[in-house]
>>> print(open('query-v5.cif').read())   # mmCIF, C-alpha atoms
data_my_file
loop_
_atom_site.label_atom_id
_atom_site.label_comp_id
_atom_site.auth_asym_id
_atom_site.auth_seq_id
_atom_site.Cartn_x
_atom_site.Cartn_y
_atom_site.Cartn_z
CA MET A 126 15.26 5.09 14.87
CA SER A 127 14.71 8.10 12.75
CA GLN A 128 16.31 8.78 9.42
CA TYR A 129 16.43 12.38 8.43
CA PHE A 130 16.87 13.68 4.91
CA LYS A 131 17.81 17.18 3.94
CA TYR A 132 15.50 17.49 1.02
CA THR A 133 12.43 16.10 -0.64
CA LYS A 134 12.06 16.54 -4.35
CA SER A 135 9.04 15.44 -6.32
CA TYR A 136 7.65 16.37 -9.70
CA GLY A 137 4.79 18.20 -8.04
CA THR A 138 1.92 16.43 -9.75
CA ALA A 139 -0.33 13.54 -8.92
CA MET A 140 0.87 9.96 -9.29
CA TYR A 141 -2.48 9.05 -10.76
CA PRO A 142 -3.73 10.30 -13.16
CA VAL A 143 -0.08 10.59 -14.15
CA HIS A 144 1.17 14.16 -14.25
CA ALA A 145 -2.22 15.61 -13.33
CA GLU A 146 -1.60 18.98 -11.75
CA ARG A 147 -5.17 19.71 -10.79
CA THR A 148 -8.37 17.72 -11.07
CA SER A 149 -11.98 18.85 -10.91
CA GLY A 150 -13.11 16.03 -8.67
CA LEU A 151 -16.05 15.37 -10.98
CA VAL A 152 -14.69 11.93 -11.76
CA GLN A 153 -13.23 9.80 -9.01
CA ARG A 154 -10.00 8.03 -9.94
CA VAL A 155 -8.52 7.10 -6.59
CA GLU A 156 -10.16 5.37 -3.66
CA PRO A 157 -9.32 3.67 -0.37
CA PHE A 158 -8.09 0.08 -0.32
CA LEU A 159 -10.62 -2.50 -1.45
CA THR A 160 -13.02 -3.53 1.32
CA PRO A 161 -14.69 -6.95 1.74
CA GLU A 162 -18.06 -5.36 0.87
CA GLN A 163 -16.66 -3.89 -2.36
CA LEU A 164 -15.04 -7.21 -3.27
CA LYS A 165 -18.39 -8.98 -2.98
CA SER A 166 -20.45 -6.33 -4.76
CA ARG A 167 -18.01 -5.70 -7.62
CA PHE A 168 -16.75 -9.18 -8.41
CA LEU A 169 -18.78 -11.88 -6.68
CA LYS A 170 -22.38 -10.75 -6.77
CA GLY A 171 -24.84 -13.52 -7.55
CA ILE A 172 -22.26 -16.27 -7.21
CA PRO A 173 -22.90 -18.84 -4.47
CA LEU A 174 -19.96 -18.47 -2.11
CA ARG A 175 -20.56 -21.66 -0.20
CA PHE A 176 -18.54 -24.83 -0.08
CA TYR A 177 -20.09 -28.22 -0.58
CA ASN A 178 -19.50 -29.15 3.07
CA GLY A 179 -21.29 -26.02 4.30
CA ASP A 180 -18.26 -23.84 4.95
CA VAL A 181 -18.69 -20.20 3.95
CA PHE A 182 -16.36 -17.30 3.32
CA THR A 183 -16.56 -14.87 6.22
CA ASP A 184 -15.71 -11.18 6.02
CA ALA A 185 -12.47 -11.97 7.84
CA ASP A 186 -11.66 -14.43 5.03
CA PHE A 187 -12.40 -11.78 2.40
CA LYS A 188 -10.17 -9.32 4.23
CA ASP A 189 -7.39 -11.88 4.29
CA ARG A 190 -7.78 -12.64 0.55
CA ILE A 191 -7.59 -8.90 -0.20
CA TYR A 192 -4.40 -8.65 1.82
CA LEU A 193 -2.92 -11.59 -0.12
CA ALA A 194 -4.05 -10.07 -3.42
CA GLN A 195 -2.46 -6.71 -2.55
CA ASN A 196 0.88 -8.41 -2.06
CA GLU A 197 0.52 -10.48 -5.23
CA ALA A 198 -0.40 -7.36 -7.19
CA GLU A 199 2.79 -5.64 -6.04
CA LEU A 200 4.85 -8.54 -7.36
CA ARG A 201 2.98 -8.91 -10.64
CA LEU A 202 2.93 -5.21 -11.46
CA LYS A 203 6.38 -4.55 -9.96
CA ILE A 204 5.03 -1.52 -8.15
CA THR A 205 4.57 -0.49 -4.55
CA ILE A 206 0.98 0.10 -3.56
CA THR A 207 1.70 2.43 -0.65
CA ARG A 208 4.50 4.95 -0.61
CA GLU A 209 7.61 3.35 0.88
CA LEU A 210 11.18 4.53 1.38
CA ARG A 211 13.85 2.68 -0.57
CA LYS A 212 17.64 2.74 -0.79
CA GLU A 213 19.46 1.27 -3.78
CA LYS A 214 22.84 1.37 -5.42
CA LEU A 215 22.77 1.48 -9.17
CA ALA A 216 25.57 0.72 -11.59
CA PHE A 217 27.56 3.36 -13.43
CA LYS A 218 27.13 2.91 -17.17
CA GLN A 219 28.98 5.18 -19.48
CA GLU A 220 26.19 5.42 -22.04
CA ASP A 221 23.72 6.33 -19.30
CA TYR A 222 26.20 8.77 -17.79
CA LYS A 223 26.49 10.56 -21.10
CA ALA A 224 22.71 10.65 -21.38
CA TYR A 225 22.38 12.97 -18.38
CA ILE A 226 22.95 10.19 -15.82
CA HIS A 227 19.92 8.25 -16.93
CA LEU A 228 19.11 6.02 -13.96
CA ASN A 229 16.36 3.44 -13.70
CA ALA A 230 15.21 2.83 -10.16
CA GLU A 231 14.32 -0.74 -9.27
CA GLN A 232 10.81 0.26 -8.30
CA ALA A 233 8.50 2.61 -10.12
CA PRO A 234 6.81 5.00 -9.92
CA LEU A 235 8.92 7.34 -7.81
CA CYS A 236 7.07 9.78 -5.61
CA THR A 237 10.02 11.64 -4.10
CA ILE A 238 13.79 11.52 -4.05
CA HIS A 239 15.90 12.26 -0.99
CA GLN A 240 19.41 11.36 -2.04
CA LEU A 241 21.41 10.79 -5.20
CA ALA A 242 25.05 10.35 -4.37
CA ILE A 243 28.24 8.55 -5.25
CA VAL A 244 28.83 6.30 -2.27
CA SER A 245 31.87 4.08 -1.89
CA ALA A 246 31.77 0.43 -0.88
CA ASP A 247 32.79 1.39 2.65
CA LYS A 248 29.68 3.61 2.76
CA ASN A 249 31.46 6.94 2.49
CA ASN A 250 29.51 9.66 0.79
CA ILE A 251 31.94 10.81 -1.91
CA PHE A 252 29.77 13.25 -3.75
CA GLU A 253 26.12 14.16 -3.43
CA ILE A 254 24.36 15.36 -6.53
CA PRO A 255 22.68 18.66 -5.67
CA PRO A 256 18.89 18.34 -5.69
CA GLU A 257 18.66 21.29 -8.05
CA TRP A 258 20.19 19.14 -10.79
CA ILE A 259 17.87 16.17 -10.37
CA GLU A 260 15.24 16.03 -13.08
CA THR A 261 11.99 14.58 -11.75
CA ALA A 262 9.80 14.70 -14.85
CA ASN A 263 10.07 10.96 -15.55
CA PHE A 264 9.56 9.75 -12.00
CA SER A 265 6.27 8.13 -13.02
CA LYS A 266 8.28 5.60 -15.04
CA GLY A 267 11.05 5.21 -12.48
CA ILE A 268 13.60 7.30 -14.40
CA ILE A 269 15.96 9.73 -12.71
CA ASN A 270 18.02 12.15 -14.75
CA VAL A 271 20.62 14.67 -13.71
CA ILE A 272 20.61 17.84 -15.75
CA PRO A 273 23.20 20.28 -14.42
CA LEU A 274 22.28 22.93 -16.96
CA LEU A 275 20.95 25.07 -14.14
CA ALA A 276 24.48 25.82 -12.93
CA ALA A 277 25.78 26.33 -16.44
CA TYR A 278 23.24 29.06 -17.04
CA GLY A 279 24.36 31.38 -14.33
CA VAL A 280 23.99 29.78 -10.92
CA ASN A 281 27.46 29.72 -9.45
CA SER A 282 26.83 27.43 -6.56
CA VAL A 283 24.26 24.95 -5.50
CA GLN A 284 22.92 24.36 -2.04
CA GLY A 285 22.81 21.05 -0.28
CA ALA A 286 25.85 19.37 -1.84
CA VAL A 287 28.21 17.65 0.53
CA GLY A 288 31.79 16.70 -0.14
CA ASN A 289 32.16 18.97 -3.14
CA ALA A 290 35.74 17.83 -3.57
CA GLY A 291 34.31 14.55 -4.75
CA ILE A 292 32.98 16.22 -7.87
CA ALA A 293 36.25 15.16 -9.48
CA PHE A 294 34.79 11.66 -9.52
CA LEU A 295 32.25 12.78 -12.06
CA THR A 296 34.97 13.63 -14.55
CA VAL A 297 37.19 10.65 -13.74
CA MET A 298 34.28 8.37 -14.53
CA ASP A 299 34.31 9.57 -18.11
CA GLY A 300 37.07 7.04 -18.82
CA LEU A 301 35.29 4.03 -17.34
CA ASN A 302 32.61 1.93 -18.94
CA TRP A 303 30.90 0.27 -16.05
CA VAL A 304 31.09 0.35 -12.27
CA PRO A 305 28.69 -1.78 -10.25
CA ALA A 306 26.89 -0.19 -7.30
CA TYR A 307 28.02 3.36 -7.94
CA TRP A 308 25.05 5.67 -7.54
CA GLN A 309 23.20 5.50 -4.26
CA ILE A 310 19.61 6.66 -4.41
CA GLN A 311 17.09 7.01 -1.63
CA TYR A 312 13.53 7.59 -2.69
CA THR A 313 9.93 6.84 -1.97
CA SER A 314 7.95 4.83 -4.50
CA GLY A 315 4.27 4.05 -4.70
CA VAL A 316 1.29 4.36 -7.00
CA SER A 317 -0.22 7.09 -4.87
CA ASN A 318 1.09 10.20 -3.18
CA ALA A 319 -1.75 10.01 -0.69
CA GLU A 320 -1.34 7.22 1.81
CA GLY A 321 -4.32 4.92 2.08
CA LEU A 322 -5.53 5.72 -1.44
CA VAL A 323 -4.86 3.76 -4.61
CA PRO A 324 -5.81 4.31 -8.24
CA THR A 325 -9.21 2.77 -8.88
CA VAL A 326 -7.76 0.60 -11.66
CA VAL A 327 -5.20 -0.86 -9.25
CA ASN A 328 -8.01 -1.68 -6.82
CA GLU A 329 -9.86 -3.36 -9.66
CA TYR A 330 -6.78 -5.40 -10.45
CA ILE A 331 -6.42 -6.43 -6.81
CA GLY A 332 -10.10 -7.35 -6.74
CA CYS A 333 -9.69 -9.59 -9.81
CA ILE A 334 -6.82 -11.47 -8.15
CA ALA A 335 -8.77 -11.92 -4.91
CA ALA A 336 -11.99 -12.95 -6.67
CA ILE A 337 -10.21 -15.51 -8.84
CA ALA A 338 -8.56 -17.03 -5.77
CA ILE A 339 -11.89 -17.25 -3.94
CA LEU A 340 -13.77 -18.72 -6.89
CA SER A 341 -11.11 -21.29 -7.65
CA GLU A 342 -11.16 -22.45 -4.03
CA ILE A 343 -14.89 -23.08 -4.22
CA ALA A 344 -14.84 -24.56 -7.73
CA ALA A 345 -12.31 -27.18 -6.68
CA THR A 346 -14.76 -28.60 -4.14
CA PHE A 347 -17.87 -28.40 -6.32
CA ILE A 348 -18.29 -32.05 -7.24
CA TYR A 349 -21.77 -32.47 -8.73
CA ASN A 350 -23.11 -31.61 -12.19
CA SER A 351 -26.41 -33.41 -11.77
CA GLN A 352 -28.38 -35.02 -9.02
CA SER A 353 -31.34 -37.43 -9.01
CA GLN A 354 -33.57 -38.82 -6.32
CA THR A 355 -35.90 -41.80 -6.55
CA GLN A 356 -38.31 -43.10 -3.95
CA ASP A 357 -41.28 -45.48 -4.38
CA GLY A 358 -41.53 -44.91 -8.11
CA ILE A 359 -41.35 -41.16 -7.85
CA SER A 360 -38.17 -39.57 -9.10
CA GLN A 361 -36.73 -36.14 -9.56
CA SER A 362 -33.55 -35.12 -11.27
CA SER A 363 -31.81 -31.84 -11.84
CA SER A 364 -28.67 -30.86 -13.63
CA GLY A 365 -26.71 -27.66 -13.74
CA PRO A 366 -23.42 -26.30 -14.94
CA GLY A 367 -21.55 -27.68 -11.92
CA PRO A 368 -18.20 -26.05 -11.32
CA ARG A 369 -18.52 -24.37 -14.75
CA ILE A 370 -20.52 -21.65 -13.03
CA TYR A 371 -17.28 -20.60 -11.37
CA PHE A 372 -14.95 -21.30 -14.28
CA LEU A 373 -16.82 -18.93 -16.60
CA ARG A 374 -16.42 -16.10 -14.12
CA ILE A 375 -12.79 -17.02 -13.47
CA GLU A 376 -12.06 -16.89 -17.22
CA GLU A 377 -13.69 -13.47 -17.54
CA LEU A 378 -11.82 -12.13 -14.52
CA ASN A 379 -8.55 -13.54 -15.86
CA ALA A 380 -9.03 -11.77 -19.19
CA LYS A 381 -9.87 -8.52 -17.43
CA MET A 382 -6.88 -8.86 -15.15
CA GLU A 383 -4.51 -9.35 -18.07
CA VAL A 384 -5.79 -6.22 -19.80
CA LEU A 385 -5.48 -4.18 -16.61
CA GLU A 386 -1.99 -5.55 -15.95
CA LYS A 387 -0.74 -4.45 -19.36
CA LYS A 388 -2.31 -1.02 -19.05
CA ILE A 389 -1.03 -0.36 -15.53
CA LYS A 390 2.49 -1.52 -16.47
CA ALA A 391 2.36 0.78 -19.50
CA ILE A 392 1.59 3.73 -17.22
CA PHE A 393 4.14 3.06 -14.50
CA SER A 394 7.04 1.43 -16.34
CA GLN A 395 8.96 1.62 -19.59
CA LYS A 396 8.20 -0.38 -22.69
CA PHE A 397 11.00 -1.31 -25.04
CA PHE A 398 10.45 -2.06 -28.69
CA VAL A 399 13.25 -3.89 -30.44
CA GLY A 400 13.34 -4.33 -34.18
CA ASN A 401 15.50 -4.36 -37.28
CA PHE A 402 15.35 -1.44 -39.64
CA MET B 315 -1.47 -13.93 24.70
CA ARG B 316 -1.91 -12.31 21.31
CA LEU B 317 -4.06 -9.23 21.48
CA SER B 318 -6.02 -7.72 18.65
CA ALA B 319 -8.77 -5.15 18.18
CA LEU B 320 -12.23 -5.49 16.71
CA PRO B 321 -13.58 -2.28 15.20
CA ILE B 322 -16.93 -1.26 16.63
CA ILE B 323 -19.40 0.50 14.38
CA ASN B 324 -22.65 2.14 15.38
CA TYR B 325 -21.77 2.30 19.06
CA GLN B 326 -24.74 3.26 21.25
CA GLY B 327 -23.58 1.86 24.58
CA VAL B 328 -21.83 -1.16 26.03
CA ASN B 329 -24.98 -3.22 25.47
CA SER B 330 -25.73 -1.86 22.02
CA PHE B 331 -23.06 -1.95 19.35
CA CYS B 332 -21.91 -4.08 16.47
CA THR B 333 -18.47 -5.05 15.31
CA GLY B 334 -17.45 -4.62 11.69
CA ASN B 335 -14.61 -5.30 9.30
CA GLN B 336 -13.13 -1.85 9.59
CA TRP B 337 -13.83 1.75 10.45
CA THR B 338 -14.86 3.88 7.51
CA ILE B 339 -14.54 7.64 7.90
CA ARG B 340 -14.38 10.66 5.62
CA SER B 341 -11.19 12.66 5.51
CA GLY B 342 -11.52 15.83 7.59
CA ASP B 343 -14.60 14.76 9.56
CA PRO B 344 -14.39 14.65 13.35
CA ASN B 345 -15.09 11.17 14.65
CA THR B 346 -14.93 8.94 17.68
CA LEU B 347 -13.70 5.47 16.85
CA TYR B 348 -14.57 2.58 19.15
CA PHE B 349 -12.94 -0.81 19.35
CA GLN B 350 -12.91 -3.88 21.53
CA LEU B 351 -9.75 -5.60 22.69
CA ILE B 352 -9.72 -9.34 22.08
CA ASP B 353 -7.36 -12.15 22.94
CA LEU B 354 -6.77 -14.28 19.85
CA ASP B 355 -5.49 -17.16 21.97
CA ALA B 356 -8.58 -17.37 24.16
CA SER B 357 -11.83 -18.71 22.76
CA CYS B 358 -15.17 -17.41 24.01
CA GLY B 359 -16.14 -20.97 24.92
CA GLY B 360 -19.05 -21.29 22.50
CA ASN B 361 -19.21 -23.30 19.30
CA CYS B 362 -18.27 -20.32 17.19
CA GLY B 363 -14.67 -20.35 18.38
CA CYS B 364 -14.48 -16.57 18.24
CA PRO B 365 -11.86 -14.89 20.39
CA GLN B 366 -12.61 -13.74 23.89
CA ARG B 367 -12.69 -10.08 24.83
CA TYR B 368 -9.77 -8.84 26.89
CA ILE B 369 -10.02 -6.39 29.79
CA PRO B 370 -6.67 -4.93 30.78
CA ALA B 371 -5.90 -4.03 34.35
CA ALA B 372 -7.04 -0.66 35.65
CA GLY B 373 -4.55 2.09 34.87
CA SER B 374 -3.41 0.51 31.61
CA ILE B 375 -2.47 2.87 28.83
CA LEU B 376 -3.40 2.12 25.23
CA VAL B 377 -1.87 4.18 22.44
CA VAL B 378 -3.28 3.93 18.93
CA THR B 379 -0.97 4.82 16.03
CA PHE B 380 -2.03 5.61 12.50
CA PRO B 381 1.25 5.01 10.67
CA SER B 382 2.75 6.95 7.81
CA ILE B 383 6.05 6.83 5.93
CA ASP B 384 6.57 10.45 6.98
CA CYS B 385 6.83 10.90 10.73
CA MET B 386 5.17 14.32 10.40
CA SER B 387 2.01 12.54 9.24
CA THR B 388 2.04 9.78 11.84
CA ILE B 389 -0.80 10.23 14.32
CA GLN B 390 -0.73 8.85 17.84
CA ILE B 391 -3.75 9.02 20.10
CA THR B 392 -4.16 7.71 23.61
CA ALA B 393 -7.36 5.70 23.86
CA THR B 394 -9.94 6.03 26.62
CA GLN B 395 -11.15 2.92 28.40
CA ASN B 396 -14.89 2.52 28.83
CA ALA B 397 -15.91 2.62 32.48
CA MET B 398 -18.71 0.04 32.04
CA ASP B 399 -16.81 -2.43 29.87
CA GLY B 400 -13.04 -2.36 30.18
CA SER B 401 -12.54 -4.18 26.88
CA ILE B 402 -14.09 -1.31 24.93
CA TRP B 403 -11.92 1.69 24.15
CA SER B 404 -12.41 4.82 22.09
CA ILE B 405 -10.28 7.43 20.38
CA PRO B 406 -11.31 10.88 19.20
CA ILE B 407 -10.32 12.02 15.71
CA THR B 408 -10.43 15.77 15.26
CA ALA B 409 -11.12 17.50 11.95
CA ALA B 410 -7.47 18.55 11.79
CA GLN B 411 -6.20 14.99 12.14
CA ARG B 412 -6.01 13.22 8.80
CA PRO B 413 -5.03 9.61 9.35
CA ALA B 414 -4.26 7.50 6.30
CA GLY B 415 -6.31 4.39 5.71
CA GLY B 416 -4.79 0.95 6.12
CA ALA B 417 -3.28 -0.86 9.05
CA VAL B 418 -3.54 0.59 12.56
CA LYS B 419 -1.09 -0.10 15.36
CA PHE B 420 -1.79 -0.50 19.04
CA SER B 421 0.44 -0.43 22.08
CA LEU B 422 -1.04 -1.50 25.40
CA THR B 423 1.04 -0.82 28.48
CA SER B 424 -0.13 -2.63 31.54
CA ALA B 425 2.80 -2.21 33.90
CA PRO B 426 5.30 -3.74 33.73
CA ASN B 427 4.41 -5.25 30.33
CA THR B 428 3.70 -3.77 26.92
CA TRP B 429 1.82 -5.54 24.15
CA ASN B 430 2.18 -4.27 20.60
CA PHE B 431 -0.03 -5.38 17.76
CA SER B 432 -1.23 -4.27 14.37
CA VAL B 433 -4.56 -4.84 12.63
CA ILE B 434 -4.46 -4.91 8.84
CA ASN B 435 -6.82 -2.74 6.79
CA LEU B 436 -8.57 -1.49 9.91
CA LEU B 437 -9.23 2.02 8.70
CA CYS B 438 -10.78 3.14 5.44
CA VAL B 439 -10.63 6.89 4.78
CA GLU B 440 -12.77 8.13 1.93
CA PRO B 441 -11.24 11.09 0.09
CA ILE B 442 -13.16 14.34 -0.32
CA ASN B 443 -11.96 14.87 -3.88
CA GLY B 444 -11.07 11.56 -5.46
CA GLY B 445 -10.09 13.13 -8.77
CA SER B 446 -6.44 12.35 -8.11
CA ASP B 447 -4.09 11.47 -5.29
CA GLY B 448 -2.72 15.02 -5.12
CA ALA B 449 0.83 16.32 -5.21
CA LEU B 450 3.61 16.23 -2.64
CA ALA B 451 5.41 19.30 -1.35
CA ASP B 452 8.83 19.96 -2.82
CA TYR B 453 12.11 20.70 -1.07
CA GLY B 454 10.72 20.02 2.37
CA THR B 455 12.69 17.93 4.77
CA PHE B 456 11.72 14.31 5.17
CA ASP B 457 11.97 12.52 8.44
CA TYR B 458 11.42 8.82 8.10
CA ASN B 459 10.65 7.55 11.51
CA PRO B 460 9.52 3.96 11.63
CA SER B 461 7.28 3.17 14.52
CA PHE B 462 7.60 0.08 16.64
CA GLY B 463 8.07 -3.27 14.99
CA GLU B 464 9.44 -1.94 11.75
CA ASP B 465 13.12 -1.63 12.41
#
>>> encode(input="query-v5.cif", output="structure tokens")
Amino acid sequence: MSQYFKYTKSYGTAMYPVHAERTSGLVQRVEPFLTPEQLKSRFLKGIPLRFYNGDVFTDADFKDRIYLAQNEAELRLKITITRELRKEKLAFKQEDYKAYIHLNAEQAPLCTIHQLAIVSADKNNIFEIPPEWIETANFSKGIINVIPLLAAYGVNSVQGAVGNAGIAFLTVMDGLNWVPAYWQIQYTSGVSNAEGLVPTVVNEYIGCIAAIAILSEIAATFIYNSQSQTQDGISQSSSGPGPRIYFLRIEELNAKMEVLEKKIKAIFSQKFFVGNF
Amino acid sequence: MRLSALPIINYQGVNSFCTGNQWTIRSGDPNTLYFQLIDLDASCGGNCGCPQRYIPAAGSILVVTFPSIDCMSTIQITATQNAMDGSIWSIPITAAQRPAGGAVKFSLTSAPNTWNFSVINLLCVEPINGGSDGALADYGTFDYNPSFGED
């Protein structure tokens, strides 16, 4: 079934680098989803990817681990990797209402918005905010504002609004503090406007998750630190780091992943600092 | 029977090709993409345990869909069955067609039945200018049209 929207409103810049209007192309910052070959060459080169019993990771296994890592990355970063359509109902808060209807979407960053309306519990569209009033500048952090200054400065009517009689609700709400599930928004969210492409740093993050999972699977079965053989008075012994060979890499990847996680969250979400002054 | 598709790379003929992890193409380049239908529930009989190829009945129709959140960007192409090996199919991608990388969907109709399946991360599309992911058009209409299996 098809769902048709009357408008699409975006900020008109790239998702990544955030707010980039035009790029030279001299430096690449987005790329296709991580491939098994890239996973091996970027994160696992030189590391024996073989289990003690002879089992090996196949390319199909790598592909599967990437798929798992993509899903884990979405949860950990609280972002959507590919652009997806969402519908939410957000609460009415008086302080947010007075701050130009400052709404925080559940998922960031927002690529486009297709509806911002007051919708009743029985799913009736009471009043639809005209798209002209929707401020899109903070979509990269999941923030939607409504700035109706456009109409105040000389535009007498706005196009696209339905149920204009419902505008009375906007003024009635001035006396209320909080109404749950008041604003209905429909939007697309994702870290890339272009489907099939992701920011390189997000791919790196996904690769870290996948590589850690692969290495920890092997390390758990790596049982020998040293081996010795003796036969007829001749002996040979060898010792190595054992599973430490994997743990060192896992630790490094973990540290890198934590740094990337903080940086990516800083780009695509809001940070709050609380203190006493 | 659970069908799937193996991407074929470097196709020379039915006796000379190799299967890969995924197709990799450059955005805007014309291409012909080959793939082999396999039955995940049927083993080839050897020790490897790999799935057996699947040859649909003559006259079957196979539609390949490159999905998108925007129905205007969804691409559907009817595949052509190889005359020498019925398990091998191909689809042409023109320069004007810009599929997005990721999962690819298949719909095989072999009357009276239809088999639908999806292969994850089957297509990788390298961007021409990877400087950014570009901007989206403003104030256009948006028609979200989920393809099969999504609603």
>>> interface_residues(input="query-v5.cif", of="chain A", to="chain B", cutoff="7 Å", atoms="only C-alpha atoms", output="ChimeraX atom specification")
/A:126-135,137-142,148-157,184,208-209,317-321
>>> closest_residue(input="query-v5.cif", among="A:Ile331, A:Ala306, A:Ile172, A:Ala230", to="Phe372 (chain A)", atoms="only C-alpha atoms")
A:Ile172
>>> residues_near_point(input="query-v5.cif", point="(10.2, -2.4, -16.3)", cutoff="9 Å", atoms="all atoms listed in the file", output="mmCIF file with C-alpha atoms, keeping the file's coordinate frame")
data_model
loop_
_atom_site.group_PDB
_atom_site.id
_atom_site.type_symbol
_atom_site.label_atom_id
_atom_site.label_comp_id
_atom_site.auth_asym_id
_atom_site.auth_seq_id
_atom_site.Cartn_x
_atom_site.Cartn_y
_atom_site.Cartn_z
ATOM 1 C CA LYS A 203 6.380 -4.550 -9.960
ATOM 2 C CA ASN A 229 16.360 3.440 -13.700
ATOM 3 C CA GLU A 231 14.320 -0.740 -9.270
ATOM 4 C CA GLN A 232 10.810 0.260 -8.300
ATOM 5 C CA ALA A 233 8.500 2.610 -10.120
ATOM 6 C CA LYS A 266 8.280 5.600 -15.040
ATOM 7 C CA GLY A 267 11.050 5.210 -12.480
ATOM 8 C CA LYS A 390 2.490 -1.520 -16.470
ATOM 9 C CA PHE A 393 4.140 3.060 -14.500
ATOM 10 C CA SER A 394 7.040 1.430 -16.340
ATOM 11 C CA GLN A 395 8.960 1.620 -19.590
ATOM 12 C CA LYS A 396 8.200 -0.380 -22.690
ATOM 13 C CA PHE A 397 11.000 -1.310 -25.040
#
>>> axis_aligned_box(input="query-v5.cif", around="region 361-379 of chain B", padding_each_side="8 Å", output="AutoDock Vina command-line options")
--center_x -10.1 --center_y -9.2 --center_z 25.8 --size_x 34.2 --size_y 44.1 --size_z 35.6
>>> resolve_selection(input="query-v5.cif", expression="the PyMOL selection byres ((chain B and resi 324) around 10)", output="mmCIF file with C-alpha atoms, in the frame of the given file")
data_model
loop_
_atom_site.group_PDB
_atom_site.id
_atom_site.type_symbol
_atom_site.label_atom_id
_atom_site.label_comp_id
_atom_site.auth_asym_id
_atom_site.auth_seq_id
_atom_site.Cartn_x
_atom_site.Cartn_y
_atom_site.Cartn_z
ATOM 1 C CA ILE B 322 -16.930 -1.260 16.630
ATOM 2 C CA ILE B 323 -19.400 0.500 14.380
ATOM 3 C CA TYR B 325 -21.770 2.300 19.060
ATOM 4 C CA GLN B 326 -24.740 3.260 21.250
ATOM 5 C CA GLY B 327 -23.580 1.860 24.580
ATOM 6 C CA SER B 330 -25.730 -1.860 22.020
ATOM 7 C CA PHE B 331 -23.060 -1.950 19.350
ATOM 8 C CA CYS B 332 -21.910 -4.080 16.470
ATOM 9 C CA THR B 333 -18.470 -5.050 15.310
ATOM 10 C CA GLY B 334 -17.450 -4.620 11.690
ATOM 11 C CA LEU B 347 -13.700 5.470 16.850
ATOM 12 C CA TYR B 348 -14.570 2.580 19.150
#
>>> atom_distance(input="query-v5.cif", atom1="CA of Cys236 (chain A)", atom2="CA of Phe431 (chain B)")
28.7 Å
>>> resolve_selection(input="query-v5.cif", expression="the PyMOL selection byres ((chain A and resi 347) around 7)", output="PyMOL selection string")
chain A and resi 177+343-346+348-349+367-368
>>> residues_around(input="query-v5.cif", residues="Ile375 (chain B)", least_positions_apart="3", cutoff="8 Å", atoms="all atoms listed in the file", output="list in words")
Thr392, Ala393, Leu422, Thr423 and Ser424 of chain B
>>> decode(input="query-v5.cif", residues="region 308-329 of chain A", atoms="C-alpha atoms", output="compact mmCIF listing (two decimals), in the first residue's frame")
# COMPACT_ATOMS: atom_id res chain seq x y z
CA TRP A 308 2.04 16.48 17.96
CA GLN A 309 2.12 13.91 15.21
CA ILE A 310 5.21 13.99 13.05
CA GLN A 311 6.06 11.94 10.00
CA TYR A 312 9.62 12.14 8.81
CA THR A 313 12.51 10.25 7.34
CA SER A 314 15.63 9.78 9.43
CA GLY A 315 19.02 8.41 8.52
CA VAL A 316 22.69 9.31 8.53
CA SER A 317 22.72 9.70 4.78
CA ASN A 318 20.48 11.34 2.23
CA ALA A 319 21.80 8.99 -0.42
CA GLU A 320 20.52 5.46 -0.02
CA GLY A 321 23.22 2.83 0.06
CA LEU A 322 25.88 5.27 1.27
CA VAL A 323 26.98 5.89 4.84
CA PRO A 324 29.49 8.27 6.39
CA THR A 325 32.92 6.66 6.38
CA VAL A 326 33.18 7.08 10.15
CA VAL A 327 29.94 5.14 10.64
CA ASN A 328 31.32 2.35 8.45
CA GLU A 329 34.45 2.35 10.57
